[in-house]
Amino acid sequence: MNRVRSIAILGVIGLAACAEPPVSPIPSAAAHLVTRSIQGAGDGYVIIGKSEKLPSTLAADVAAAGGVLVSSHPDIGVAYAQSSSTNFRRSLSKHGAIESVTPDHVLEWVSPTAARESADVSAEVASIGDNEGLYPLQWAPAAVQAPEAWNAGYTGRGVRVAILDGGIHSAHIDLASNLDVAASKSFAEGAYNEDVGTFWHGTHVAGIVAAADNSFGTIGIAPNATLIGVKVLHNGSGAFSWIINGIMYAGTPQSEGGAGANIINMSLGAKLDDKDKETKADIRELKKAVDRAMKYAHQRGTTIIVSAGNGGLNYDDEKNLFKTPAQNDYAISVSATGPHGWALGASNFERPTYYTDHGKSLVTLAAPGGTDGLFVVDGVDQLCVVGGIQRFCEVFDMVFSTVRGGASSTGAYNWAYGTSMAAPMVSGIAALIIEKNGGRMHPEQVRTRLEQSALDLGKPGNDKYYGGGWVNALRAIQ
């Protein structure tokens with residue numbers, strides 16, 4: 001099973017995976033909650049005010065309890081403080097206008113080393129993608145009929161997509177022209193265009209959404225959309241406050257100092273145990289804080305699209321588990337599909353992957369996320385050649401997109417698979433929908449159009465693997 005992940009890198013093309021097979025149980029994130037200082041001034045805390053309001057005297061109240069107020073979001077009644085006092089939480093919690101004071105836990109939201117009825121998918125058509133040198137390695141755009149949508153004139157132009165993730169390689173030739181550098185911002189360690197290693201999860205996600213139509217490399221589902229890098233993770237980990245800050249910033253209009261995003265893509269998630277005695281109260285309050293931030297962005301007109309998760313679990317059965325932000329209010333949660341043997345002629349792009357989390361209580365829509373199931377599930381162990389490149393056959397079933405590469409690289413690419421790759425497919429299609437409708441749409445209208453245009457696969461209606469259906473770009477803009 002580890003063979004795929006150890007393939008040698010050649011040129012600008014590599015290999016990574018963002019999924020974990022369900023045969024290896026994934027421990028609850030609640031068992032690994034860690035509280036740490038972000039600025040070296042003591043432990044961090046999330047403060048939630050009653051009735052979505054904060055007391056006007058909060059800075060003084062925090063100081064009196066032995067802490068320092070770091071920042072606040074008066075619009076949603078959430079603030080952050082730091083304190084080294086062992087009595088800080090207990091003391092501030094007594095305030096009549098404060099609902100809770102909770103440690104600002106740090107989680108691993110993305111692995112830093114990551115990686116039925118058939119749909120009527122038409123043959124690949126000539127399109128702007130044909131000019132990209134590595135387009136032959138991209139099966140996913142044709143699977144969701146993106147080329148037909150491009151030919152109809154829709155490429156996401158004028159639509160702003162915030163990538164809430166790790167660092168985005170701002171000098172990448174496929175991303176630079178679409179990246180709004182001025183609006184990009186970091187709420188985590190390092191700048192928005194910094195991270196660890198040579199993969200950079202956020203960079204791979206960004207390319208799936210909007211790698212440019214520039215006759216080089218790859219092409220995104222919405223190749224003329226505007227990308228905004230909002231760094232909320234570093235090396236795959238981040239504090240709840242970083243996530244909340246990112247959502248608030250992305251959802252705030254530019255005229256008010258925010259990113260002005262039409263769409264937020266969050267290819268990240270944590271599995272929380274609602275029944276864990278030690279963390280139950282903290283989880284409840286942190287979920288509430290995230291809900292408030294997502295409600296704010298939704299009300300300001302931002303569509304929020306997130307990955308469902310890679311644990312292979314049915315959340316209809318796992319009653320004690322909660323996936324954040326996929327199960328938070330206002331999220332469009334995306335499961336993953338992928339072919340078994342595309343390089344061998346397979347076209348079952350709508351097949352649910354073995355690793356995808358699922359359940360009617362979790363999944364809103366399904367989209368291509370790629371898989372190594374040809375080897376892991378089917379046991380096929382052979383080499384294939386696509387576009388003049390030789391790899392193990394299952395590699396070509398993954399999603400090919402932009403990555404960081406080496407220190408001087410501006411054009412590196414990589415394969416990866418996971419619901420992290422499925423969510424930006426939907427974000428790209430959402431950008432096409434918003435462009436067609438004049439550049440602005442209410443999030444509920446976007447959700448409705450995505451569901452109405454999706455292919456109803458699996459059991460009729462809402463299905464545990466497909467939710468409201470398997471997305472289709474052409475149908476979405478018709």
# chains A, B, ... in the order shown; residues from 1 in each chain; ligands from 1
>>> closest_atom_pairs(of="region 264-357 of chain A", to="region 408-426 of chain A", cutoff="8 Å", atoms="only C-alpha atoms", output="Markdown table")
| residue | atom | partner | partner_atom | distance |
| --- | --- | --- | --- | --- |
| A:Asn265 | CA | A:Pro424 | CA | 6.4 |
| A:Met266 | CA | A:Ala423 | CA | 7.6 |
| A:Ser267 | CA | A:Ser420 | CA | 4.4 |
| A:Leu268 | CA | A:Ser420 | CA | 6.7 |
| A:Ile305 | CA | A:Ala423 | CA | 6.3 |
| A:Val306 | CA | A:Ala423 | CA | 5.7 |
| A:Ser307 | CA | A:Thr419 | CA | 5.1 |
| A:Ala308 | CA | A:Thr419 | CA | 6.1 |
| A:Gly309 | CA | A:Thr419 | CA | 5.8 |
| A:Asn310 | CA | A:Gly418 | CA | 6.3 |
| A:Ser333 | CA | A:Ala423 | CA | 7.6 |
| A:Val334 | CA | A:Ala423 | CA | 5.5 |
| A:Ser335 | CA | A:Thr419 | CA | 5.6 |
| A:Ala336 | CA | A:Thr419 | CA | 5.0 |
| A:Thr337 | CA | A:Ala422 | CA | 7.8 |
| A:Tyr355 | CA | A:Gly418 | CA | 7.8 |
| A:Thr356 | CA | A:Thr419 | CA | 6.7 |
>>> residues_around(residues="region 440-447 of chain A", least_positions_apart="6", cutoff="12 Å", atoms="only C-alpha atoms", output="number ranges by chain")
A: 156-160, 251, 260-264, 294-305, 330-334, 364-365, 426-434, 453-454, 468-469, 471, 476-477
>>> closest_residue(among="A:Asp180, A:Asp43, A:Asp372, A:Glu256", to="Ile168 (chain A)", atoms="only C-alpha atoms")
A:Asp180
>>> atom_distance(atom1="CA of Gly359 (chain A)", atom2="CA of Ala473 (chain A)")
23.8 Å
>>> select_by_dssp(residues="region 177-413 of chain A", states="strand (DSSP E or B)", output="MDAnalysis selection string")
chainID A and resid 179 185:186 226:231 234 237:239 263:266 270:273 303:307 314 321:324 331:337 352 358 365:368 383:386 389:392 399:403 412:413
>>> closest_residue(among="A:Ala81, A:Ser401, A:Ala97, A:Ala183", to="Gln254 (chain A)", atoms="only C-alpha atoms")
A:Ala183
>>> residues_around(residues="region 66-74 of chain A", least_positions_apart="4", cutoff="10 Å", atoms="only C-alpha atoms", output="VMD selection string")
chain A and resid 39 41 to 49 52 to 56 58 to 62 78 to 89 91 to 92 241 244 to 245 248 293
>>> write_last_selection(atoms="N, CA, C and O atoms", output="short mmCIF file (atom, residue, chain, number, x, y, z; two decimals), in the first residue's frame")
data_model
loop_
_atom_site.label_atom_id
_atom_site.label_comp_id
_atom_site.auth_asym_id
_atom_site.auth_seq_id
_atom_site.Cartn_x
_atom_site.Cartn_y
_atom_site.Cartn_z
N GLN A 39 1.67 33.37 20.03
CA GLN A 39 2.59 34.51 20.02
C GLN A 39 3.54 34.50 21.21
O GLN A 39 4.20 35.48 21.49
N ALA A 41 2.81 34.44 24.38
CA ALA A 41 2.33 35.20 25.53
C ALA A 41 1.45 34.37 26.44
O ALA A 41 0.70 34.90 27.25
N GLY A 42 1.50 33.06 26.33
CA GLY A 42 0.66 32.21 27.16
C GLY A 42 -0.30 31.42 26.31
O GLY A 42 -0.27 31.47 25.09
N ASP A 43 -1.18 30.68 26.94
CA ASP A 43 -2.16 29.87 26.23
C ASP A 43 -3.22 30.74 25.57
O ASP A 43 -3.60 31.79 26.08
N GLY A 44 -3.72 30.26 24.41
CA GLY A 44 -4.74 30.99 23.70
C GLY A 44 -6.14 30.55 24.10
O GLY A 44 -6.36 29.38 24.45
N TYR A 45 -7.10 31.46 24.04
CA TYR A 45 -8.49 31.18 24.41
C TYR A 45 -9.44 31.81 23.40
O TYR A 45 -9.20 32.91 22.89
N VAL A 46 -10.53 31.11 23.12
CA VAL A 46 -11.62 31.64 22.31
C VAL A 46 -12.73 32.07 23.26
O VAL A 46 -13.19 31.28 24.09
N ILE A 47 -13.15 33.31 23.14
CA ILE A 47 -14.18 33.88 24.02
C ILE A 47 -15.45 34.05 23.19
O ILE A 47 -15.43 34.65 22.12
N ILE A 48 -16.56 33.53 23.69
CA ILE A 48 -17.85 33.67 23.01
C ILE A 48 -18.79 34.50 23.88
O ILE A 48 -19.03 34.17 25.05
N GLY A 49 -19.29 35.57 23.30
CA GLY A 49 -20.22 36.43 24.02
C GLY A 49 -21.65 35.96 23.87
O GLY A 49 -22.01 35.31 22.88
N GLU A 52 -24.44 36.65 20.58
CA GLU A 52 -23.56 37.07 19.49
C GLU A 52 -23.04 38.49 19.69
O GLU A 52 -22.78 39.22 18.72
N LYS A 53 -22.84 38.88 20.94
CA LYS A 53 -22.32 40.20 21.26
C LYS A 53 -21.19 40.07 22.26
O LYS A 53 -21.14 39.12 23.05
N LEU A 54 -20.28 41.05 22.23
CA LEU A 54 -19.19 41.11 23.20
C LEU A 54 -19.39 42.33 24.10
O LEU A 54 -19.85 43.38 23.64
N PRO A 55 -19.04 42.22 25.36
CA PRO A 55 -19.15 43.39 26.25
C PRO A 55 -18.20 44.50 25.81
O PRO A 55 -17.08 44.23 25.35
N SER A 56 -18.63 45.74 25.94
CA SER A 56 -17.81 46.89 25.52
C SER A 56 -16.55 47.03 26.36
O SER A 56 -15.58 47.66 25.94
N LEU A 58 -14.61 44.51 27.23
CA LEU A 58 -13.94 43.21 27.17
C LEU A 58 -12.43 43.30 27.41
O LEU A 58 -11.85 42.48 28.12
N ALA A 59 -11.77 44.28 26.81
CA ALA A 59 -10.31 44.39 26.98
C ALA A 59 -9.94 44.53 28.45
O ALA A 59 -9.02 43.87 28.94
N ALA A 60 -10.68 45.37 29.15
CA ALA A 60 -10.42 45.56 30.58
C ALA A 60 -10.78 44.31 31.37
O ALA A 60 -10.07 43.95 32.33
N ASP A 61 -11.85 43.65 30.98
CA ASP A 61 -12.28 42.43 31.68
C ASP A 61 -11.23 41.32 31.52
O ASP A 61 -10.93 40.59 32.47
N VAL A 62 -10.69 41.20 30.32
CA VAL A 62 -9.66 40.20 30.06
C VAL A 62 -8.40 40.51 30.88
O VAL A 62 -7.79 39.61 31.48
N VAL A 78 -17.29 36.97 19.01
CA VAL A 78 -16.18 36.05 19.25
C VAL A 78 -14.89 36.85 19.37
O VAL A 78 -14.67 37.80 18.61
N ALA A 79 -14.06 36.48 20.34
CA ALA A 79 -12.79 37.17 20.54
C ALA A 79 -11.72 36.16 20.94
O ALA A 79 -12.03 35.01 21.28
N TYR A 80 -10.45 36.61 20.91
CA TYR A 80 -9.33 35.74 21.28
C TYR A 80 -8.47 36.45 22.30
O TYR A 80 -8.23 37.66 22.21
N ALA A 81 -8.01 35.71 23.26
CA ALA A 81 -7.15 36.26 24.31
C ALA A 81 -6.04 35.27 24.62
O ALA A 81 -6.13 34.08 24.28
N GLN A 82 -5.00 35.75 25.26
CA GLN A 82 -3.93 34.89 25.74
C GLN A 82 -3.65 35.19 27.21
O GLN A 82 -3.75 36.33 27.66
N SER A 83 -3.31 34.15 27.91
CA SER A 83 -3.03 34.31 29.34
C SER A 83 -2.18 33.15 29.84
O SER A 83 -2.34 32.01 29.39
N SER A 84 -1.29 33.47 30.77
CA SER A 84 -0.50 32.44 31.43
C SER A 84 -1.07 32.10 32.80
O SER A 84 -0.56 31.23 33.50
N SER A 85 -2.14 32.78 33.18
CA SER A 85 -2.75 32.57 34.50
C SER A 85 -3.58 31.29 34.52
O SER A 85 -4.40 31.06 33.62
N THR A 86 -3.39 30.49 35.52
CA THR A 86 -4.16 29.25 35.66
C THR A 86 -5.61 29.53 36.03
O THR A 86 -6.47 28.65 35.90
N ASN A 87 -5.91 30.74 36.48
CA ASN A 87 -7.27 31.11 36.88
C ASN A 87 -8.00 31.91 35.81
O ASN A 87 -9.15 32.33 36.03
N PHE A 88 -7.35 32.15 34.68
CA PHE A 88 -7.93 33.04 33.67
C PHE A 88 -9.29 32.54 33.19
O PHE A 88 -10.28 33.29 33.18
N ARG A 89 -9.37 31.31 32.79
CA ARG A 89 -10.61 30.77 32.23
C ARG A 89 -11.74 30.83 33.24
O ARG A 89 -12.85 31.27 32.92
N SER A 91 -12.00 32.68 35.92
CA SER A 91 -12.32 34.05 36.32
C SER A 91 -13.16 34.76 35.26
O SER A 91 -14.20 35.36 35.57
N LEU A 92 -12.74 34.69 33.98
CA LEU A 92 -13.47 35.41 32.93
C LEU A 92 -14.83 34.78 32.66
O LEU A 92 -15.78 35.48 32.25
N SER A 241 -8.88 29.52 16.05
CA SER A 241 -8.93 30.96 15.82
C SER A 241 -8.43 31.31 14.42
O SER A 241 -8.94 32.24 13.79
N ILE A 244 -11.33 30.53 12.03
CA ILE A 244 -12.41 31.52 12.19
C ILE A 244 -11.99 32.86 11.60
O ILE A 244 -12.77 33.52 10.89
N ASN A 245 -10.77 33.29 11.89
CA ASN A 245 -10.27 34.55 11.33
C ASN A 245 -10.31 34.52 9.80
O ASN A 245 -10.69 35.50 9.16
N MET A 248 -13.93 34.81 8.49
CA MET A 248 -14.43 36.18 8.65
C MET A 248 -13.80 37.12 7.62
O MET A 248 -14.49 37.94 7.01
N ALA A 293 -19.06 32.19 12.53
CA ALA A 293 -18.26 32.73 11.44
C ALA A 293 -18.83 32.35 10.08
O ALA A 293 -18.91 33.17 9.15
#
>>> residues_around(residues="Glu318 (chain A)", least_positions_apart="5", cutoff="12 Å", atoms="only C-alpha atoms", output="list in words")
Ser28, Lys271, Leu272, Asp273, Asp274, Lys275, Gly311, Gly312, Leu313, Lys323, Asp357, His358, Gly359, Lys360, Ser361 and Leu362 of chain A
>>> write_last_selection(atoms="N, CA and C atoms", output="short mmCIF file (atom, residue, chain, number, x, y, z; two decimals), in the first residue's frame")
data_model
loop_
_atom_site.label_atom_id
_atom_site.label_comp_id
_atom_site.auth_asym_id
_atom_site.auth_seq_id
_atom_site.Cartn_x
_atom_site.Cartn_y
_atom_site.Cartn_z
N SER A 28 -9.70 9.63 16.79
CA SER A 28 -10.49 10.84 16.89
C SER A 28 -9.60 12.03 17.14
N LYS A 271 -12.10 15.46 12.69
CA LYS A 271 -13.12 14.57 13.24
C LYS A 271 -13.14 14.72 14.75
N LEU A 272 -14.27 15.15 15.28
CA LEU A 272 -14.39 15.42 16.72
C LEU A 272 -15.35 14.44 17.37
N ASP A 273 -15.01 14.03 18.57
CA ASP A 273 -15.85 13.08 19.32
C ASP A 273 -16.73 13.85 20.29
N ASP A 274 -18.01 13.92 19.98
CA ASP A 274 -18.96 14.65 20.82
C ASP A 274 -19.15 14.01 22.19
N LYS A 275 -18.77 12.75 22.34
CA LYS A 275 -19.02 12.03 23.59
C LYS A 275 -17.79 11.97 24.49
N GLY A 311 -11.84 9.42 5.96
CA GLY A 311 -11.76 8.30 6.89
C GLY A 311 -12.54 7.07 6.49
N GLY A 312 -13.32 7.15 5.40
CA GLY A 312 -14.13 6.01 4.96
C GLY A 312 -15.29 5.70 5.87
N LEU A 313 -15.71 6.67 6.68
CA LEU A 313 -16.76 6.44 7.68
C LEU A 313 -18.12 6.90 7.20
N LYS A 323 -17.92 16.06 12.09
CA LYS A 323 -16.86 16.52 11.19
C LYS A 323 -16.99 18.03 11.01
N ASP A 357 -15.34 9.78 3.32
CA ASP A 357 -16.39 9.80 4.34
C ASP A 357 -17.72 10.02 3.64
N HIS A 358 -18.79 9.50 4.22
CA HIS A 358 -20.08 9.56 3.54
C HIS A 358 -21.21 9.57 4.57
N GLY A 359 -22.43 9.53 4.07
CA GLY A 359 -23.61 9.59 4.93
C GLY A 359 -24.50 10.75 4.54
N LYS A 360 -25.80 10.54 4.61
CA LYS A 360 -26.75 11.60 4.25
C LYS A 360 -26.61 12.80 5.17
N SER A 361 -26.16 12.56 6.39
CA SER A 361 -26.00 13.66 7.35
C SER A 361 -24.74 14.47 7.09
N LEU A 362 -23.90 14.01 6.17
CA LEU A 362 -22.61 14.66 5.91
C LEU A 362 -22.50 15.24 4.52
#
>>> select_by_dssp(residues="region 303-394 of chain A", states="alpha helix (DSSP H)", output="PyMOL selection string")
chain A and resi 373-376
>>> write_last_selection(atoms="N, CA and C atoms", output="tab-separated table (two decimals), in the first residue's frame")
chain	number	residue	atom	x	y	z
A	373	GLY	N	-7.36	3.35	-5.73
A	373	GLY	CA	-8.11	2.12	-5.52
A	373	GLY	C	-7.77	0.99	-6.49
A	374	LEU	N	-7.27	1.34	-7.67
A	374	LEU	CA	-6.90	0.30	-8.63
A	374	LEU	C	-5.88	-0.65	-8.00
A	375	PHE	N	-4.97	-0.10	-7.21
A	375	PHE	CA	-3.97	-0.92	-6.53
A	375	PHE	C	-4.45	-1.38	-5.15
A	376	VAL	N	-4.95	-0.45	-4.34
A	376	VAL	CA	-5.32	-0.76	-2.96
A	376	VAL	C	-6.52	-1.69	-2.88
>>> atom_distance(atom1="CA of Gly236 (chain A)", atom2="CA of Ser111 (chain A)")
5.7 Å
>>> atom_distance(atom1="CA of Ala366 (chain A)", atom2="CA of Tyr466 (chain A)")
4.8 Å
>>> closest_residue(among="A:Ala211, A:Tyr249, A:Phe216, A:Ile76", to="Pro141 (chain A)", atoms="only C-alpha atoms")
A:Ala211
>>> residues_around(residues="Asn235 (chain A)", least_positions_apart="3", cutoff="12 Å", atoms="only C-alpha atoms", output="list in words")
Leu107, Glu108, Trp109, Val110, Ser111, Pro112, Thr113, Ala114, Asp165, Gly166, Gly167, Ala188, Glu189, Gly190, Glu194, Asp195, Val196, Gly197, Thr198, Phe199, Trp200, His201, Gly202, Lys231, Val232 and Gly238 of chain A
